[in-house]
Structure formats: structure tokens, C-alpha cells
>>> print(open('final21.pdb').read())   # PDB, C-alpha atoms
ATOM      1  CA  MET A   1      -1.349 -40.347 -41.859
ATOM      2  CA  ASN A   2      -3.409 -42.912 -39.909
ATOM      3  CA  LEU A   3      -7.079 -43.664 -40.474
ATOM      4  CA  LEU A   4      -8.213 -41.502 -37.550
ATOM      5  CA  SER A   5      -6.312 -38.495 -38.881
ATOM      6  CA  LYS A   6      -7.822 -38.995 -42.344
ATOM      7  CA  GLN A   7     -11.317 -39.133 -40.841
ATOM      8  CA  ASN A   8     -10.698 -35.951 -38.835
ATOM      9  CA  SER A   9      -9.347 -34.167 -41.927
ATOM     10  CA  PHE A  10     -12.375 -35.227 -43.960
ATOM     11  CA  ARG A  11     -14.745 -33.957 -41.246
ATOM     12  CA  LEU A  12     -12.907 -30.638 -41.083
ATOM     13  CA  LEU A  13     -13.066 -30.142 -44.858
ATOM     14  CA  SER A  14     -16.742 -31.069 -44.863
ATOM     15  CA  ALA A  15     -17.464 -28.556 -42.122
ATOM     16  CA  ILE A  16     -15.617 -25.814 -44.025
ATOM     17  CA  ALA A  17     -17.513 -26.627 -47.219
ATOM     18  CA  ILE A  18     -20.852 -26.443 -45.389
ATOM     19  CA  CYS A  19     -19.910 -23.095 -43.835
ATOM     20  CA  VAL A  20     -18.903 -21.676 -47.208
ATOM     21  CA  PHE A  21     -22.143 -22.920 -48.782
ATOM     22  CA  VAL A  22     -24.311 -21.478 -45.989
ATOM     23  CA  ALA A  23     -22.462 -18.165 -46.111
ATOM     24  CA  GLY A  24     -22.911 -18.042 -49.858
ATOM     25  CA  CYS A  25     -26.627 -18.619 -49.514
ATOM     26  CA  SER A  26     -27.170 -15.957 -46.894
ATOM     27  CA  ALA A  27     -24.689 -13.239 -47.782
ATOM     28  CA  ASN A  28     -25.365 -10.326 -50.053
ATOM     29  CA  ARG A  29     -23.582 -11.388 -53.242
ATOM     30  CA  ALA A  30     -23.938  -8.009 -54.941
ATOM     31  CA  ALA A  31     -20.329  -7.238 -54.044
ATOM     32  CA  VAL A  32     -19.068  -9.946 -56.426
ATOM     33  CA  ARG A  33     -20.715  -8.425 -59.496
ATOM     34  CA  ILE A  34     -18.700  -7.488 -62.593
ATOM     35  CA  HIS A  35     -18.208  -3.743 -62.385
ATOM     36  CA  GLY A  36     -19.279  -1.927 -65.526
ATOM     37  CA  ALA A  37     -21.178  -4.918 -66.925
ATOM     38  CA  SER A  38     -24.367  -2.897 -67.272
ATOM     39  CA  LEU A  39     -25.939  -0.092 -69.209
ATOM     40  CA  SER A  40     -26.943   3.318 -67.889
ATOM     41  CA  PHE A  41     -29.667   3.477 -65.276
ATOM     42  CA  PRO A  42     -32.808   2.115 -66.996
ATOM     43  CA  GLN A  43     -35.487   4.508 -68.195
ATOM     44  CA  THR A  44     -38.728   3.233 -66.713
ATOM     45  CA  THR A  45     -42.075   5.032 -66.663
ATOM     46  CA  THR A  46     -45.084   4.609 -64.430
ATOM     47  CA  GLY A  47     -47.578   4.999 -67.272
ATOM     48  CA  PHE A  48     -49.731   7.075 -64.917
ATOM     49  CA  VAL A  49     -51.962   9.683 -66.585
ATOM     50  CA  ALA A  50     -54.065  12.085 -64.546
ATOM     51  CA  LYS A  51     -57.807  12.256 -65.182
ATOM     52  CA  ARG A  52     -57.483  16.037 -65.456
ATOM     53  CA  PRO A  53     -54.769  18.625 -64.727
ATOM     54  CA  LEU A  54     -54.821  20.047 -61.244
ATOM     55  CA  ALA A  55     -54.799  23.795 -60.626
ATOM     56  CA  LEU A  56     -51.575  23.450 -58.658
ATOM     57  CA  THR A  57     -47.899  24.192 -59.113
ATOM     58  CA  ILE A  58     -45.248  22.104 -57.403
ATOM     59  CA  ASP A  59     -41.624  23.071 -56.856
ATOM     60  CA  VAL A  60     -39.576  19.855 -56.740
ATOM     61  CA  GLN A  61     -36.657  20.254 -54.368
ATOM     62  CA  SER A  62     -33.467  18.222 -54.509
ATOM     63  CA  PRO A  63     -33.969  15.001 -52.494
ATOM     64  CA  ILE A  64     -32.004  14.394 -49.313
ATOM     65  CA  ASP A  65     -29.966  11.177 -49.334
ATOM     66  CA  SER A  66     -30.346   9.678 -45.837
ATOM     67  CA  ARG A  67     -29.656   6.058 -46.780
ATOM     68  CA  SER A  68     -26.715   5.674 -44.403
ATOM     69  CA  LYS A  69     -29.025   6.369 -41.446
ATOM     70  CA  HIS A  70     -31.387   3.537 -42.389
ATOM     71  CA  TYR A  71     -29.123   0.605 -43.248
ATOM     72  CA  GLY A  72     -30.580  -2.634 -41.912
ATOM     73  CA  GLU A  73     -34.186  -1.389 -41.728
ATOM     74  CA  GLN A  74     -36.737  -3.705 -43.330
ATOM     75  CA  VAL A  75     -38.477  -2.241 -46.371
ATOM     76  CA  ALA A  76     -42.116  -2.664 -47.430
ATOM     77  CA  GLY A  77     -42.750  -5.331 -44.801
ATOM     78  CA  SER A  78     -40.393  -7.724 -46.567
ATOM     79  CA  ARG A  79     -37.216  -9.530 -45.504
ATOM     80  CA  TRP A  80     -35.186  -7.128 -47.653
ATOM     81  CA  GLU A  81     -33.413  -4.258 -45.926
ATOM     82  CA  GLY A  82     -31.879  -0.898 -46.648
ATOM     83  CA  CYS A  83     -28.309  -1.638 -47.742
ATOM     84  CA  LYS A  84     -25.043  -0.128 -48.972
ATOM     85  CA  THR A  85     -24.850  -1.976 -52.289
ATOM     86  CA  ASP A  86     -26.171  -0.390 -55.455
ATOM     87  CA  ALA A  87     -25.179  -0.071 -59.105
ATOM     88  CA  LEU A  88     -24.957   3.710 -59.288
ATOM     89  CA  TRP A  89     -21.416   4.399 -60.411
ATOM     90  CA  ARG A  90     -21.663   7.886 -61.886
ATOM     91  CA  ASP A  91     -25.258   8.755 -61.098
ATOM     92  CA  THR A  92     -26.346   9.706 -57.613
ATOM     93  CA  ALA A  93     -29.551   8.604 -55.945
ATOM     94  CA  SER A  94     -30.673  12.199 -55.366
ATOM     95  CA  THR A  95     -30.088  13.209 -58.991
ATOM     96  CA  ILE A  96     -31.952  10.209 -60.365
ATOM     97  CA  LEU A  97     -34.921  10.679 -58.035
ATOM     98  CA  ARG A  98     -35.326  14.381 -58.800
ATOM     99  CA  GLU A  99     -35.083  13.782 -62.565
ATOM    100  CA  ARG A 100     -37.619  10.943 -62.455
ATOM    101  CA  ILE A 101     -40.089  12.950 -60.337
ATOM    102  CA  SER A 102     -39.943  15.864 -62.789
ATOM    103  CA  GLN A 103     -40.305  13.545 -65.785
ATOM    104  CA  GLU A 104     -43.280  11.742 -64.280
ATOM    105  CA  LEU A 105     -45.080  14.950 -63.285
ATOM    106  CA  SER A 106     -44.720  16.162 -66.868
ATOM    107  CA  SER A 107     -45.719  12.944 -68.649
ATOM    108  CA  ALA A 108     -48.654  12.335 -66.283
ATOM    109  CA  SER A 109     -50.187  15.726 -67.183
ATOM    110  CA  LEU A 110     -50.951  16.083 -63.494
ATOM    111  CA  LEU A 111     -50.317  19.832 -63.216
ATOM    112  CA  ASP A 112     -51.752  22.739 -65.166
ATOM    113  CA  GLN A 113     -48.713  23.796 -67.201
ATOM    114  CA  SER A 114     -50.237  27.205 -67.939
ATOM    115  CA  LEU A 115     -49.616  28.134 -64.291
ATOM    116  CA  SER A 116     -45.903  27.289 -64.351
ATOM    117  CA  THR A 117     -44.835  30.656 -65.791
ATOM    118  CA  SER A 118     -46.631  32.622 -63.083
ATOM    119  CA  PRO A 119     -47.005  30.447 -59.970
ATOM    120  CA  PRO A 120     -50.015  31.409 -57.843
ATOM    121  CA  PRO A 121     -49.540  32.437 -54.209
ATOM    122  CA  GLY A 122     -48.991  29.524 -51.873
ATOM    123  CA  GLN A 123     -47.531  27.117 -54.404
ATOM    124  CA  LEU A 124     -46.559  23.687 -53.109
ATOM    125  CA  THR A 125     -43.039  22.466 -52.465
ATOM    126  CA  LEU A 126     -42.353  18.746 -52.819
ATOM    127  CA  LYS A 127     -39.600  17.516 -50.536
ATOM    128  CA  SER A 128     -38.228  13.987 -50.434
ATOM    129  CA  GLU A 129     -35.834  12.033 -48.231
ATOM    130  CA  ILE A 130     -34.317   8.770 -49.465
ATOM    131  CA  TYR A 131     -34.397   6.094 -46.763
ATOM    132  CA  ALA A 132     -33.396   3.216 -49.041
ATOM    133  CA  PHE A 133     -32.401   2.909 -52.687
ATOM    134  CA  CYS A 134     -30.187  -0.084 -53.319
ATOM    135  CA  SER A 135     -30.033  -3.656 -54.538
ATOM    136  CA  GLN A 136     -29.189  -6.963 -52.911
ATOM    137  CA  ALA A 137     -28.396 -10.366 -54.383
ATOM    138  CA  HIS A 138     -28.748 -13.501 -52.286
ATOM    139  CA  GLY A 139     -28.235 -17.148 -53.150
ATOM    140  CA  PHE A 140     -25.622 -19.692 -54.126
ATOM    141  CA  LEU A 141     -26.718 -21.835 -57.067
ATOM    142  CA  ILE A 142     -29.731 -19.610 -57.763
ATOM    143  CA  VAL A 143     -29.175 -15.920 -57.082
ATOM    144  CA  ARG A 144     -32.208 -13.760 -56.298
ATOM    145  CA  VAL A 145     -31.798 -10.035 -56.971
ATOM    146  CA  ALA A 146     -33.961  -7.370 -55.328
ATOM    147  CA  GLY A 147     -34.309  -3.652 -55.937
ATOM    148  CA  ILE A 148     -35.191  -1.775 -52.768
ATOM    149  CA  ALA A 149     -36.652   1.726 -52.548
ATOM    150  CA  ALA A 150     -38.110   3.724 -49.669
ATOM    151  CA  VAL A 151     -38.688   7.467 -49.887
ATOM    152  CA  LYS A 152     -40.375   9.864 -47.485
ATOM    153  CA  PHE A 153     -42.267  12.579 -49.365
ATOM    154  CA  SER A 154     -43.844  15.735 -48.022
ATOM    155  CA  LEU A 155     -45.709  18.729 -49.438
ATOM    156  CA  GLU A 156     -45.191  22.143 -47.889
ATOM    157  CA  GLN A 157     -47.238  25.273 -48.414
ATOM    158  CA  ASN A 158     -46.240  28.606 -46.897
ATOM    159  CA  GLY A 159     -43.712  26.788 -44.727
ATOM    160  CA  LYS A 160     -46.269  24.327 -43.332
ATOM    161  CA  THR A 161     -46.383  20.588 -44.063
ATOM    162  CA  VAL A 162     -49.777  19.789 -45.579
ATOM    163  CA  TRP A 163     -49.149  16.172 -46.649
ATOM    164  CA  GLU A 164     -46.548  13.539 -45.800
ATOM    165  CA  ARG A 165     -46.004   9.853 -46.522
ATOM    166  CA  LYS A 166     -43.235   7.274 -46.768
ATOM    167  CA  ILE A 167     -43.627   5.090 -49.855
ATOM    168  CA  GLU A 168     -41.630   1.881 -50.187
ATOM    169  CA  HIS A 169     -41.421  -1.022 -52.620
ATOM    170  CA  VAL A 170     -39.247  -4.067 -53.238
ATOM    171  CA  VAL A 171     -39.041  -5.733 -56.665
ATOM    172  CA  THR A 172     -37.140  -8.975 -57.246
ATOM    173  CA  ASP A 173     -36.161 -10.564 -60.538
ATOM    174  CA  ALA A 174     -38.875 -13.173 -59.874
ATOM    175  CA  ASP A 175     -41.711 -10.636 -59.564
ATOM    176  CA  PRO A 176     -44.111  -9.728 -62.385
ATOM    177  CA  GLU A 177     -43.071  -6.076 -61.923
ATOM    178  CA  TYR A 178     -39.520  -6.932 -62.994
ATOM    179  CA  SER A 179     -38.925  -5.458 -66.466
ATOM    180  CA  GLY A 180     -35.521  -7.008 -67.177
ATOM    181  CA  SER A 181     -34.232 -10.263 -68.612
ATOM    182  CA  GLN A 182     -33.642 -13.460 -66.679
ATOM    183  CA  VAL A 183     -30.343 -13.861 -68.548
ATOM    184  CA  THR A 184     -28.174 -10.877 -67.748
ATOM    185  CA  PHE A 185     -25.180  -9.676 -65.740
ATOM    186  CA  LEU A 186     -25.723  -9.327 -62.004
ATOM    187  CA  GLU A 187     -24.982  -5.615 -62.045
ATOM    188  CA  GLN A 188     -27.548  -4.956 -64.766
ATOM    189  CA  ALA A 189     -30.165  -6.974 -62.878
ATOM    190  CA  MET A 190     -29.416  -4.802 -59.851
ATOM    191  CA  ARG A 191     -30.020  -1.636 -61.846
ATOM    192  CA  VAL A 192     -33.249  -2.915 -63.398
ATOM    193  CA  THR A 193     -34.741  -4.039 -60.078
ATOM    194  CA  MET A 194     -33.786  -0.692 -58.538
ATOM    195  CA  ALA A 195     -35.442   1.154 -61.426
ATOM    196  CA  ASP A 196     -38.553  -1.007 -61.101
ATOM    197  CA  SER A 197     -38.867  -0.419 -57.359
ATOM    198  CA  LEU A 198     -38.455   3.325 -57.918
ATOM    199  CA  ARG A 199     -41.087   3.206 -60.685
ATOM    200  CA  LEU A 200     -43.632   1.763 -58.232
ATOM    201  CA  VAL A 201     -42.734   4.364 -55.608
ATOM    202  CA  LEU A 202     -43.309   7.182 -58.107
ATOM    203  CA  ARG A 203     -46.543   5.600 -59.335
ATOM    204  CA  ASP A 204     -47.888   5.694 -55.787
ATOM    205  CA  LEU A 205     -46.607   9.250 -55.342
ATOM    206  CA  LEU A 206     -48.539  10.439 -58.410
ATOM    207  CA  ARG A 207     -51.698   8.763 -57.151
ATOM    208  CA  GLU A 208     -51.297  10.437 -53.774
ATOM    209  CA  LEU A 209     -50.676  13.855 -55.340
ATOM    210  CA  GLU A 210     -53.738  13.501 -57.552
ATOM    211  CA  SER A 211     -55.862  12.526 -54.556
ATOM    212  CA  TYR A 212     -54.534  15.463 -52.558
ATOM    213  CA  GLY A 213     -55.153  17.908 -55.407
ATOM    214  CA  ASN A 214     -58.708  16.720 -55.938
ATOM    215  CA  LYS A 215     -59.518  17.416 -52.304
ATOM    216  CA  GLN A 216     -58.373  21.034 -52.502
TER     217      GLN A 216
END
>>> encode(input="final21.pdb", output="C-alpha cells")
Amino acid sequence: MNLLSKQNSFRLLSAIAICVFVAGCSANRAAVRIHGASLSFPQTTTGFVAKRPLALTIDVQSPIDSRSKHYGEQVAGSRWEGCKTDALWRDTASTILRERISQELSSASLLDQSLSTSPPPGQLTLKSEIYAFCSQAHGFLIVRVAGIAAVKFSLEQNGKTVWERKIEHVVTDADPEYSGSQVTFLEQAMRVTMADSLRLVLRDLLRELESYGNKQ
């Protein structure tokens, strides 16, 4: 091989290496995680406590999972987008969201529990539609993980929508809201950031419900 051929080969290898490095920096690396290298979906709580119980009853309906319709949409004004990658192997997004809403409504003491056995006429129905609930990991030498959540909530009374809002949050492993460890498996970091973003969504939901109830 002559000198010119060696130089051309070196340039080609250098170009390939640069392309691989750039792709590694920009691509979602969540797909290369170690499957199963995580615990169950983290139990996080908002810590929200209502000032006083509201004279309301709310029927929490099973959330609608519409994530596939919103892939690629930016979330919470950030560069992060609704995506396909998550760490929910046995759990489903709808099941987790409904369970967490019910848990938070109970622990927040937001509703008058004495009314639950005999709901008054015109009780409220809480509906939710999941636009995004996933995790992304970007980077090459330093990987940044983000949990992404966007949910559209609505309250209906006697078949009429009386309140509606889309609430969205993104939490990365570099944010103060991140509740996990900096030394962990990628898949577990994905789950923790997802749980943290959902926690903030539910915190805002409880605040909105309390504000709505106080105006009634």
C-alpha cells in the first residue's frame, strides 16, 4: 500500500470514528440499557396536603394511553420529546397513573371521605389522557437521562367538562428534583426520572383540584 492509499485509509477511518461519536452523542441511548437491571417502578409521593377537605367526590377513570400519537412532540418547553423508550416491562402507563392518582388523593386528604359511601348528585369524574410518559438517555462519555411526562386532565360533571388542563414536566438526573443515585444502572435511572416527572405532574394536579374545589 502506497503512502497516498494509507493517507486515504486514515482519513476514512477518522471520518467513521467522528460519525460514530456524533451519533452516540445525539442518539437516544436508552435502547442499550441492561434489561431487568432495575427495581420495580419507584414509589414517589408529592407530599401535598390539602388545607382542608373539599366537599367533593371524584371518580377516577382509567387513563387513556395516547403516547403513540404524540411521539416527537416537545414536552414542557424543553428539548426533550415524547418518545417510545421507557422502563415499564410489566407495568403499564395507564395502570401506574391511575394507582398514583388514587394514592395521592387519599394521602393529600383533599376529599371528604365521609361522602365516598354515598356520593352526592353531580359528583365529578376525573379523566386523563397520557400524551408522554417515557425516558430518554443522551450522551457518549457522559449520559444524561430524562424522565418525560405529559398528561391531559379533565373534570366532568353531569356529562359536561368543567375543568381541563395539560400538565407536563421533565426531570433529568442532573436536576434537584431527581430522587435517585448518580451511580446506578441506566434502566433504573430511567425509571426514577420517570417517577419524578410523574410526581411533579400529580403535585400540580392536586394544586389545581384544590383551587377548583375552593371556588365551588
>>> closest_atom_pairs(input="final21.pdb", of="range 162-188 of chain A", to="range 87-106 of chain A", cutoff="12 Å", atoms="only C-alpha atoms", output="CSV")
residue,atom,partner,partner_atom,distance
A:Phe185,CA,A:Ala87,CA,11.7
A:Leu186,CA,A:Ala87,CA,9.7
A:Glu187,CA,A:Ala87,CA,6.3
A:Gln188,CA,A:Ala87,CA,7.8
>>> closest_residue(input="final21.pdb", among="A:Ser154, A:Lys160, A:Arg203, A:Val143", to="Gln182 in chain A", atoms="all atoms listed in the file")
A:Val143
>>> resolve_selection(input="final21.pdb", expression="the PyMOL selection byres ((chain A and resi 144) around 10)", output="ChimeraX atom specification")
/A:28-29,136-143,145-146,172-174,186,189
>>> residues_around(input="final21.pdb", residues="Ala149 in chain A", least_positions_apart="2", cutoff="7 Å", atoms="all atoms listed in the file", output="list in words")
Ala132, Phe133, Cys134, Gly147, Val151, Glu168, His169, Val170, Ser197 and Leu198 of chain A
>>> closest_residue(input="final21.pdb", among="A:Trp163, A:Arg67, A:Ser211, A:Ala55", to="Gln123 in chain A", atoms="only C-alpha atoms")
A:Ala55
>>> closest_residue(input="final21.pdb", among="A:Phe41, A:Tyr71, A:Tyr212, A:Phe48", to="Ala108 in chain A", atoms="only C-alpha atoms")
A:Phe48
>>> residues_near_point(input="final21.pdb", point="(-47.9, 20.5, -45.1)", cutoff="12 Å", atoms="only C-alpha atoms", output="ChimeraX atom specification")
/A:122-127,153-165,212
>>> atom_distance(input="final21.pdb", atom1="CA of Glu129 in chain A", atom2="CA of Asp175 in chain A")
26.0 Å
>>> residues_around(input="final21.pdb", residues="Ser68 in chain A", least_positions_apart="3", cutoff="10 Å", atoms="all atoms listed in the file", output="ChimeraX atom specification")
/A:65,71-72,82-84,130-132
>>> atom_distance(input="final21.pdb", atom1="CA of Ala50 in chain A", atom2="CA of Gly180 in chain A")
26.7 Å
>>> closest_residue(input="final21.pdb", among="A:Ile167, A:Ser40, A:Arg79, A:Ile64", to="Arg207 in chain A", atoms="all atoms listed in the file")
A:Ile167
>>> atom_distance(input="final21.pdb", atom1="CA of Ser128 in chain A", atom2="CA of Leu209 in chain A")
13.4 Å
>>> closest_residue(input="final21.pdb", among="A:Val183, A:Leu56, A:Met190, A:Leu202", to="Lys166 in chain A", atoms="only C-alpha atoms")
A:Leu202
>>> axis_aligned_box(input="final21.pdb", around="range 198-204 of chain A", padding_each_side="6 Å", output="lines of an AutoDock Vina configuration file")
center_x = -43.2
center_y = 4.5
center_z = -58.1
size_x = 21.4
size_y = 17.4
size_z = 17.1
>>> closest_residue(input="final21.pdb", among="A:Leu111, A:Ile148, A:Leu200, A:Ile58", to="Glu73 in chain A", atoms="all atoms listed in the file")
A:Ile148
